[in-house]
file model.json (JSON, C-alpha atoms)
[["chain", "number", "residue", "atom", "x", "y", "z"],
["A", 11, "MET", "CA", -154.69, -50.60, -123.20],
["A", 12, "SER", "CA", -155.32, -54.26, -122.42],
["A", 13, "GLU", "CA", -152.60, -55.44, -124.78],
["A", 14, "THR", "CA", -149.91, -53.27, -123.28],
["A", 15, "GLY", "CA", -151.14, -53.61, -119.73],
["A", 16, "GLY", "CA", -151.33, -57.37, -119.73],
["A", 17, "ARG", "CA", -147.92, -57.91, -121.26],
["A", 18, "ALA", "CA", -145.46, -59.80, -119.08],
["A", 19, "ARG", "CA", -142.58, -57.56, -118.10],
["A", 20, "PRO", "CA", -139.30, -58.94, -116.85],
["A", 21, "PRO", "CA", -138.97, -58.54, -113.07],
["A", 22, "ARG", "CA", -137.02, -55.45, -112.03],
["A", 23, "LYS", "CA", -134.66, -55.03, -109.18],
["A", 24, "PRO", "CA", -136.64, -53.67, -106.23],
["A", 25, "LYS", "CA", -136.51, -49.92, -105.89],
["A", 26, "ARG", "CA", -134.65, -48.51, -102.94],
["A", 27, "ASN", "CA", -136.76, -46.41, -100.64],
["A", 28, "GLN", "CA", -135.46, -42.86, -100.98],
["A", 29, "LEU", "CA", -137.58, -41.44, -98.19],
["A", 30, "PRO", "CA", -134.92, -41.66, -95.42],
["A", 31, "VAL", "CA", -132.37, -39.91, -97.64],
["A", 32, "GLY", "CA", -134.92, -37.23, -98.47],
["A", 33, "LEU", "CA", -135.69, -36.63, -94.81],
["A", 34, "ILE", "CA", -131.98, -36.38, -93.96],
["A", 35, "VAL", "CA", -131.41, -33.88, -96.78],
["A", 36, "PHE", "CA", -134.45, -31.90, -95.63],
["A", 37, "ALA", "CA", -133.13, -31.79, -92.06],
["A", 38, "LEU", "CA", -129.69, -30.73, -93.31],
["A", 39, "MET", "CA", -131.27, -27.96, -95.40],
["A", 40, "ILE", "CA", -133.13, -26.62, -92.37],
["A", 41, "ALA", "CA", -129.94, -26.81, -90.29],
["A", 42, "ALA", "CA", -128.02, -24.95, -92.99],
["A", 43, "GLY", "CA", -130.73, -22.27, -93.07],
["A", 44, "VAL", "CA", -130.58, -21.83, -89.29],
["A", 45, "LEU", "CA", -126.76, -21.65, -89.36],
["A", 46, "LEU", "CA", -126.90, -19.08, -92.17],
["A", 47, "SER", "CA", -129.30, -16.86, -90.28],
["A", 48, "VAL", "CA", -127.26, -17.10, -87.06],
["A", 49, "TYR", "CA", -123.72, -16.76, -88.42],
["A", 50, "ARG", "CA", -124.25, -14.85, -91.66],
["A", 51, "SER", "CA", -127.41, -12.88, -92.28],
["A", 52, "GLY", "CA", -131.15, -13.31, -92.27],
["A", 53, "ALA", "CA", -131.29, -12.25, -95.91],
["A", 54, "LEU", "CA", -128.96, -15.08, -96.90],
["A", 55, "ALA", "CA", -131.11, -17.57, -94.98],
["A", 56, "MET", "CA", -134.20, -16.27, -96.80],
["A", 57, "ALA", "CA", -132.40, -16.66, -100.14],
["A", 58, "TRP", "CA", -131.57, -20.23, -99.13],
["A", 59, "VAL", "CA", -135.21, -20.98, -98.30],
["A", 60, "PHE", "CA", -136.52, -19.38, -101.50],
["A", 61, "GLY", "CA", -133.89, -21.20, -103.56],
["A", 62, "GLY", "CA", -134.89, -24.52, -102.06],
["A", 63, "CYS", "CA", -138.59, -23.90, -102.60],
["A", 64, "PHE", "CA", -138.02, -22.72, -106.16],
["A", 65, "GLY", "CA", -136.00, -25.82, -106.98],
["A", 66, "PHE", "CA", -138.63, -28.08, -105.46],
["A", 67, "ILE", "CA", -141.46, -26.46, -107.42],
["A", 68, "LEU", "CA", -139.41, -26.47, -110.61],
["A", 69, "GLN", "CA", -138.67, -30.17, -110.28],
["A", 70, "LYS", "CA", -142.15, -31.27, -109.27],
["A", 71, "SER", "CA", -143.95, -29.19, -111.87],
["A", 72, "ARG", "CA", -141.42, -29.98, -114.63],
["A", 73, "PHE", "CA", -141.56, -26.28, -115.40],
["A", 74, "CYS", "CA", -139.09, -25.70, -118.20],
["A", 75, "PHE", "CA", -138.41, -22.36, -119.86],
["A", 76, "THR", "CA", -136.52, -24.11, -122.63],
["A", 77, "ALA", "CA", -139.48, -26.35, -123.47],
["A", 78, "SER", "CA", -141.78, -23.32, -123.50],
["A", 79, "MET", "CA", -139.83, -21.87, -126.42],
["A", 80, "ARG", "CA", -138.76, -25.11, -128.06],
["A", 81, "ASP", "CA", -141.79, -27.40, -128.04],
["A", 82, "PRO", "CA", -143.98, -25.12, -130.15],
["A", 83, "CYS", "CA", -141.38, -25.43, -132.91],
["A", 84, "ILE", "CA", -140.71, -29.15, -132.53],
["A", 85, "THR", "CA", -144.09, -30.72, -131.78],
["A", 86, "GLY", "CA", -146.49, -27.82, -131.75],
["A", 87, "SER", "CA", -147.30, -28.42, -128.10],
["A", 88, "THR", "CA", -147.73, -25.18, -126.22],
["A", 89, "SER", "CA", -148.84, -26.40, -122.79],
["A", 90, "VAL", "CA", -145.54, -25.33, -121.18],
["A", 91, "THR", "CA", -145.60, -22.07, -123.13],
["A", 92, "LYS", "CA", -149.03, -21.31, -121.70],
["A", 93, "ALA", "CA", -147.83, -22.16, -118.19],
["A", 94, "VAL", "CA", -144.91, -19.74, -118.56],
["A", 95, "LEU", "CA", -147.23, -17.02, -119.87],
["A", 96, "MET", "CA", -149.50, -17.54, -116.87],
["A", 97, "ALA", "CA", -146.50, -17.25, -114.55],
["A", 98, "PHE", "CA", -145.55, -14.00, -116.32],
["A", 99, "ALA", "CA", -149.06, -12.65, -115.80],
["A", 100, "ILE", "CA", -148.98, -13.49, -112.09],
["A", 101, "THR", "CA", -145.52, -12.01, -111.57],
["A", 102, "THR", "CA", -146.57, -8.89, -113.50],
["A", 103, "ILE", "CA", -149.27, -8.28, -110.91],
["A", 104, "GLY", "CA", -147.00, -9.22, -108.00],
["A", 105, "PHE", "CA", -144.05, -7.06, -109.04],
["A", 106, "THR", "CA", -146.33, -4.13, -109.82],
["A", 107, "ALA", "CA", -147.84, -4.43, -106.35],
["A", 108, "ILE", "CA", -144.39, -4.38, -104.71],
["A", 109, "LYS", "CA", -143.12, -1.51, -106.84],
["A", 110, "TYR", "CA", -146.29, 0.53, -106.61],
["A", 111, "ALA", "CA", -146.42, 0.10, -102.83],
["A", 112, "ALA", "CA", -142.93, 1.58, -102.59],
["A", 113, "PHE", "CA", -143.78, 4.33, -105.08],
["A", 114, "ALA", "CA", -147.04, 5.27, -103.31],
["A", 115, "SER", "CA", -145.37, 5.56, -99.92],
["A", 116, "GLY", "CA", -142.61, 7.71, -101.38],
["A", 117, "GLN", "CA", -139.85, 5.15, -100.92],
["A", 118, "GLU", "CA", -137.29, 4.22, -103.51],
["A", 119, "ILE", "CA", -138.77, 1.67, -105.92],
["A", 120, "PRO", "CA", -136.93, -1.64, -105.41],
["A", 121, "GLY", "CA", -135.29, -3.47, -108.28],
["A", 122, "GLN", "CA", -135.02, -0.49, -110.62],
["A", 123, "SER", "CA", -131.40, -1.34, -111.42],
["A", 124, "TYR", "CA", -132.81, -4.35, -113.30],
["A", 125, "VAL", "CA", -134.52, -2.10, -115.83],
["A", 126, "MET", "CA", -131.98, -2.80, -118.54],
["A", 127, "PRO", "CA", -131.31, -0.93, -121.78],
["A", 128, "VAL", "CA", -133.18, -2.40, -124.74],
["A", 129, "SER", "CA", -131.37, -2.66, -128.05],
["A", 130, "LEU", "CA", -130.49, -5.09, -130.81],
["A", 131, "ALA", "CA", -127.99, -6.55, -128.34],
["A", 132, "THR", "CA", -130.95, -7.82, -126.31],
["A", 133, "ALA", "CA", -132.32, -9.67, -129.33],
["A", 134, "ALA", "CA", -128.90, -10.98, -130.35],
["A", 135, "GLY", "CA", -128.24, -12.20, -126.82],
["A", 136, "GLY", "CA", -131.65, -13.83, -126.70],
["A", 137, "ILE", "CA", -131.02, -15.76, -129.90],
["A", 138, "LEU", "CA", -127.60, -16.93, -128.70],
["A", 139, "PHE", "CA", -129.02, -17.97, -125.33],
["A", 140, "GLY", "CA", -131.88, -19.77, -127.09],
["A", 141, "ILE", "CA", -129.53, -21.79, -129.29],
["A", 142, "GLY", "CA", -127.42, -22.65, -126.26],
["A", 143, "MET", "CA", -130.28, -23.74, -124.08],
["A", 144, "VAL", "CA", -131.84, -26.01, -126.68],
["A", 145, "ILE", "CA", -128.50, -27.75, -127.26],
["A", 146, "ALA", "CA", -127.76, -27.99, -123.54],
["A", 147, "GLY", "CA", -131.29, -29.21, -122.79],
["A", 148, "GLY", "CA", -132.09, -26.53, -120.27],
["A", 149, "CYS", "CA", -131.76, -22.92, -119.27],
["A", 150, "ALA", "CA", -129.96, -21.97, -116.07],
["A", 151, "SER", "CA", -132.67, -23.12, -113.66],
["A", 152, "GLY", "CA", -133.53, -26.19, -115.71],
["A", 153, "THR", "CA", -129.91, -27.31, -115.93],
["A", 154, "LEU", "CA", -129.41, -26.87, -112.18],
["A", 155, "MET", "CA", -132.59, -28.79, -111.46],
["A", 156, "ARG", "CA", -131.54, -31.72, -113.64],
["A", 157, "VAL", "CA", -128.06, -31.79, -112.16],
["A", 158, "GLY", "CA", -129.86, -32.19, -108.84],
["A", 159, "GLU", "CA", -131.80, -35.09, -110.33],
["A", 160, "GLY", "CA", -128.51, -36.70, -111.23],
["A", 161, "PHE", "CA", -128.63, -36.40, -115.01],
["A", 162, "GLY", "CA", -125.03, -36.82, -116.13],
["A", 163, "MET", "CA", -125.03, -34.99, -119.43],
["A", 164, "GLN", "CA", -126.25, -31.80, -117.87],
["A", 165, "MET", "CA", -123.48, -31.76, -115.29],
["A", 166, "LEU", "CA", -121.34, -31.11, -118.36],
["A", 167, "SER", "CA", -123.83, -28.39, -119.38],
["A", 168, "LEU", "CA", -123.50, -26.82, -115.95],
["A", 169, "LEU", "CA", -119.70, -26.85, -116.12],
["A", 170, "PHE", "CA", -119.68, -25.00, -119.43],
["A", 171, "PHE", "CA", -122.53, -22.77, -118.27],
["A", 172, "VAL", "CA", -120.27, -21.65, -115.42],
["A", 173, "ILE", "CA", -117.30, -21.19, -117.75],
["A", 174, "GLY", "CA", -119.42, -19.18, -120.19],
["A", 175, "SER", "CA", -120.88, -17.05, -117.43],
["A", 176, "LEU", "CA", -117.44, -16.29, -116.03],
["A", 177, "TRP", "CA", -116.20, -15.30, -119.47],
["A", 178, "GLY", "CA", -119.31, -13.20, -119.96],
["A", 179, "ALA", "CA", -118.83, -11.48, -116.61],
["A", 180, "LYS", "CA", -115.21, -10.74, -117.48],
["A", 181, "ASP", "CA", -116.07, -9.03, -120.78],
["A", 182, "MET", "CA", -119.40, -7.53, -119.69],
["A", 183, "GLY", "CA", -117.83, -4.19, -118.83],
["A", 184, "TRP", "CA", -116.60, -3.67, -122.38],
["A", 185, "TRP", "CA", -119.92, -4.67, -123.96],
["A", 186, "ASN", "CA", -121.76, -2.45, -121.52],
["A", 187, "LEU", "CA", -119.63, 0.56, -122.30],
["A", 188, "ASN", "CA", -119.49, 0.19, -126.07],
["A", 189, "VAL", "CA", -122.70, -1.53, -127.12],
["A", 190, "ILE", "CA", -125.37, -1.65, -124.44],
["A", 191, "ALA", "CA", -125.27, 1.49, -122.33],
["A", 192, "GLY", "CA", -126.31, 3.90, -125.10],
["A", 193, "ALA", "CA", -129.66, 2.18, -125.60],
["A", 194, "PRO", "CA", -132.84, 3.46, -123.95],
["A", 195, "ARG", "CA", -134.11, 2.03, -120.69],
["A", 196, "VAL", "CA", -137.86, 1.60, -120.72],
["A", 197, "PHE", "CA", -139.83, 1.32, -117.50],
["A", 198, "LEU", "CA", -143.43, 0.86, -118.62],
["A", 199, "PRO", "CA", -145.11, 2.79, -115.75],
["A", 200, "ASP", "CA", -143.06, 5.88, -116.78],
["A", 201, "VAL", "CA", -144.55, 5.64, -120.26],
["A", 202, "PHE", "CA", -148.14, 4.49, -119.71],
["A", 203, "GLY", "CA", -148.71, 5.20, -116.03],
["A", 204, "TRP", "CA", -149.00, 2.44, -113.45],
["A", 205, "PHE", "CA", -152.47, 1.25, -114.42],
["A", 206, "GLY", "CA", -151.77, 1.49, -118.14],
["A", 207, "ALA", "CA", -148.55, -0.47, -117.81],
["A", 208, "VAL", "CA", -150.24, -3.38, -116.03],
["A", 209, "VAL", "CA", -153.15, -3.46, -118.46],
["A", 210, "ILE", "CA", -150.94, -3.28, -121.54],
["A", 211, "GLN", "CA", -148.55, -5.95, -120.28],
["A", 212, "LEU", "CA", -151.42, -8.28, -119.34],
["A", 213, "LEU", "CA", -153.07, -7.66, -122.72],
["A", 214, "ILE", "CA", -149.87, -8.60, -124.54],
["A", 215, "ILE", "CA", -149.56, -11.76, -122.44],
["A", 216, "ALA", "CA", -153.22, -12.59, -123.12],
["A", 217, "CYS", "CA", -152.66, -12.16, -126.88],
["A", 218, "LEU", "CA", -149.61, -14.45, -126.71],
["A", 219, "TYR", "CA", -151.67, -16.98, -124.76],
["A", 220, "VAL", "CA", -154.40, -17.02, -127.41],
["A", 221, "ALA", "CA", -151.76, -17.25, -130.13],
["A", 222, "ALA", "CA", -150.12, -20.19, -128.36],
["A", 223, "ASP", "CA", -153.46, -21.94, -128.02],
["A", 224, "LEU", "CA", -154.31, -21.44, -131.70],
["A", 225, "TRP", "CA", -150.81, -22.56, -132.68],
["A", 226, "GLU", "CA", -151.24, -25.85, -130.82],
["A", 227, "ARG", "CA", -154.63, -26.49, -132.39],
["A", 228, "LYS", "CA", -153.24, -25.79, -135.84],
["A", 229, "LYS", "CA", -150.02, -27.79, -135.45],
["A", 230, "MET", "CA", -151.37, -30.78, -133.56],
["A", 231, "GLY", "CA", -154.91, -30.75, -134.84],
["A", 232, "ILE", "CA", -156.45, -31.56, -131.48],
["A", 233, "THR", "CA", -159.73, -30.90, -129.84],
["A", 234, "GLU", "CA", -158.92, -31.66, -126.20],
["B", 3, "MET", "CA", -148.84, -56.24, -133.32],
["B", 4, "ALA", "CA", -145.09, -55.95, -133.33],
["B", 5, "GLU", "CA", -143.18, -54.55, -130.41],
["B", 6, "PHE", "CA", -140.34, -52.10, -130.80],
["B", 7, "GLU", "CA", -137.89, -50.61, -128.36],
["B", 8, "LEU", "CA", -136.14, -47.29, -128.38],
["B", 9, "ASP", "CA", -133.19, -46.62, -126.14],
["B", 10, "CYS", "CA", -133.00, -42.96, -125.12],
["B", 11, "LEU", "CA", -131.06, -43.42, -121.90],
["B", 12, "GLY", "CA", -128.75, -40.52, -121.23],
["B", 13, "GLU", "CA", -130.38, -38.28, -123.79],
["B", 14, "ALA", "CA", -131.74, -34.92, -122.85],
["B", 15, "CYS", "CA", -134.84, -33.19, -124.10],
["B", 16, "PRO", "CA", -135.85, -32.90, -126.85],
["B", 17, "VAL", "CA", -133.92, -35.83, -128.33],
["B", 18, "PRO", "CA", -136.14, -38.62, -126.89],
["B", 19, "LEU", "CA", -139.27, -36.90, -128.16],
["B", 20, "MET", "CA", -137.89, -36.37, -131.65],
["B", 21, "LYS", "CA", -136.65, -39.96, -131.85],
["B", 22, "THR", "CA", -140.03, -41.22, -130.68],
["B", 23, "GLU", "CA", -141.79, -39.05, -133.23],
["B", 24, "LYS", "CA", -139.65, -40.46, -136.04],
["B", 25, "LYS", "CA", -139.97, -44.05, -134.86],
["B", 26, "MET", "CA", -143.74, -43.81, -134.41],
["B", 27, "ALA", "CA", -144.13, -42.65, -138.00],
["B", 28, "GLY", "CA", -142.78, -46.00, -139.19],
["B", 29, "LEU", "CA", -145.03, -48.11, -136.98],
["B", 30, "LYS", "CA", -148.29, -49.71, -138.03],
["B", 31, "SER", "CA", -151.53, -49.30, -136.16],
["B", 32, "GLY", "CA", -151.61, -51.59, -133.14],
["B", 33, "ASP", "CA", -147.83, -51.82, -132.82],
["B", 34, "THR", "CA", -146.22, -50.94, -129.50],
["B", 35, "LEU", "CA", -143.14, -48.91, -128.88],
["B", 36, "ILE", "CA", -141.27, -48.96, -125.58],
["B", 37, "VAL", "CA", -139.13, -45.91, -125.05],
["B", 38, "HIS", "CA", -136.48, -46.12, -122.34],
["B", 39, "ILE", "CA", -135.74, -42.72, -120.85],
["B", 40, "ASP", "CA", -133.93, -41.30, -117.85],
["B", 41, "HIS", "CA", -134.54, -37.59, -118.42],
["B", 42, "SER", "CA", -137.38, -36.39, -116.24],
["B", 43, "CYS", "CA", -138.47, -33.82, -118.77],
["B", 44, "ALA", "CA", -138.91, -36.47, -121.46],
["B", 45, "MET", "CA", -141.05, -38.40, -119.01],
["B", 46, "LYS", "CA", -143.46, -35.49, -119.31],
["B", 47, "ASN", "CA", -143.35, -34.48, -122.93],
["B", 48, "VAL", "CA", -143.15, -37.87, -124.65],
["B", 49, "PRO", "CA", -146.41, -39.18, -123.08],
["B", 50, "GLU", "CA", -148.06, -35.80, -123.57],
["B", 51, "TRP", "CA", -147.20, -35.73, -127.25],
["B", 52, "ALA", "CA", -148.29, -39.34, -127.76],
["B", 53, "ARG", "CA", -151.60, -38.81, -125.95],
["B", 54, "LYS", "CA", -152.34, -35.74, -128.03],
["B", 55, "GLN", "CA", -151.71, -37.83, -131.12],
["B", 56, "GLY", "CA", -154.37, -40.20, -129.85],
["B", 57, "HIS", "CA", -152.12, -43.15, -128.92],
["B", 58, "ASN", "CA", -152.49, -45.24, -125.79],
["B", 59, "VAL", "CA", -149.73, -44.43, -123.35],
["B", 60, "GLU", "CA", -148.46, -45.96, -120.14],
["B", 61, "VAL", "CA", -145.53, -44.79, -118.07],
["B", 62, "GLU", "CA", -143.69, -47.17, -115.81],
["B", 63, "GLU", "CA", -140.92, -46.21, -113.43],
["B", 64, "VAL", "CA", -138.52, -49.08, -113.78],
["B", 65, "GLY", "CA", -135.80, -47.70, -111.53],
["B", 66, "ASP", "CA", -134.84, -44.56, -109.68],
["B", 67, "GLY", "CA", -135.07, -41.86, -112.30],
["B", 68, "GLU", "CA", -135.57, -44.33, -115.14],
["B", 69, "TRP", "CA", -138.81, -44.80, -117.00],
["B", 70, "ASP", "CA", -140.34, -46.87, -119.75],
["B", 71, "VAL", "CA", -142.93, -45.12, -121.85],
["B", 72, "ILE", "CA", -145.12, -47.68, -123.54],
["B", 73, "ILE", "CA", -146.94, -46.33, -126.55],
["B", 74, "GLU", "CA", -149.52, -48.26, -128.54],
["B", 75, "LYS", "CA", -150.12, -46.72, -131.91],
["B", 76, "CYS", "CA", -153.74, -45.99, -132.62]]
call {"tool": "encode", "arguments": {"input": "model.json", "output": "structure tokens"}}
result
Amino acid sequence: MSETGGRARPPRKPKRNQLPVGLIVFALMIAAGVLLSVYRSGALAMAWVFGGCFGFILQKSRFCFTASMRDPCITGSTSVTKAVLMAFAITTIGFTAIKYAAFASGQEIPGQSYVMPVSLATAAGGILFGIGMVIAGGCASGTLMRVGEGFGMQMLSLLFFVIGSLWGAKDMGWWNLNVIAGAPRVFLPDVFGWFGAVVIQLLIIACLYVAADLWERKKMGITE
Amino acid sequence: MAEFELDCLGEACPVPLMKTEKKMAGLKSGDTLIVHIDHSCAMKNVPEWARKQGHNVEVEEVGDGEWDVIIEKC
């Protein structure tokens, strides 16, 4: 440490204080939220707030879905993988609570239109998306976050992400009709019951977590 | 005790990490490598990888959104 720490570094240009800019942006974001709730809808304002918070957390935590899938293959590091698995476990409990609350009070369960058919198309799409996100250096949220940080290359990623998404949206109807729609939709609580579904999903996540931990130990040969 | 530099400015994850990994393999014990990066994600995973390998690591923010990762091979 002493050798690197004591080394003379050439003087750098002083850093600009970004705090005023940050405060102005923050104030503008709040103003935009208020305007949205007054002139548009409260739901839109909530989406704006959640979007802002999500972006902030994503940037500060360096949470990266791409790294969670990529790093185990490249370096053997699974710390991000484990973080993603933990997030999955938490959201499993949270979403079950929301859905079960609606189910128990006899209301329509929210978000059921997102229970998508599962088929080989899911796997094929996953592989294509995986290749794309490793080349682009980020998934959708990661790319957006790094564009916000001002990383030039990923502005290009975002541009082509938009183009690809538009193309996908245009042809989605055909794929849906001819390839996807025939496949079964699986909603775990229908199969295992509410309690069973939560337990089984958490067990699978726990197994993946242990596997990720063992993988890191094997690949990197570390003992924390 | 040689000092090496690696310019990864403008390169997205995982390129800086892979370049660092390759470069470190050619270094001798006690050598230092300074990696210049401007991708926030590399600022996380390059030091993490190097620390797990047992090297000494320091991160210095040299500008807005620009970092030097200083790695001393163990």
call {"tool": "interface_residues", "arguments": {"input": "model.json", "of": "chain B", "to": "chain A", "cutoff": "7 Å", "atoms": "all atoms listed in the file", "output": "JSON list (two decimals) with C-alpha atoms, in the frame of the given file"}}
result
[["chain", "number", "residue", "atom", "x", "y", "z"],
["B", 12, "GLY", "CA", -128.75, -40.52, -121.23],
["B", 14, "ALA", "CA", -131.74, -34.92, -122.85],
["B", 15, "CYS", "CA", -134.84, -33.19, -124.10],
["B", 41, "HIS", "CA", -134.54, -37.59, -118.42],
["B", 43, "CYS", "CA", -138.47, -33.82, -118.77],
["B", 54, "LYS", "CA", -152.34, -35.74, -128.03],
["B", 58, "ASN", "CA", -152.49, -45.24, -125.79],
["B", 64, "VAL", "CA", -138.52, -49.08, -113.78],
["B", 65, "GLY", "CA", -135.80, -47.70, -111.53],
["B", 66, "ASP", "CA", -134.84, -44.56, -109.68]]
call {"tool": "residues_around", "arguments": {"input": "model.json", "residues": "Trp69 in chain B", "least_positions_apart": "5", "cutoff": "9 Å", "atoms": "all atoms listed in the file", "output": "list in words"}}
result
Val37, His38, Ile39, Asp40, His41, Ser42, Met45, Val61, Glu62, Glu63 and Val64 of chain B
call {"tool": "closest_residue", "arguments": {"input": "model.json", "among": "A:Leu218, A:Leu68, A:Leu138, A:Leu224", "to": "Met155 in chain A", "atoms": "all atoms listed in the file"}}
result
A:Leu68
call {"tool": "residues_around", "arguments": {"input": "model.json", "residues": "Met39 in chain A", "least_positions_apart": "5", "cutoff": "9 Å", "atoms": "only C-alpha atoms", "output": "list in words"}}
result
Ile34, Val44, Trp58, Val59 and Gly62 of chain A
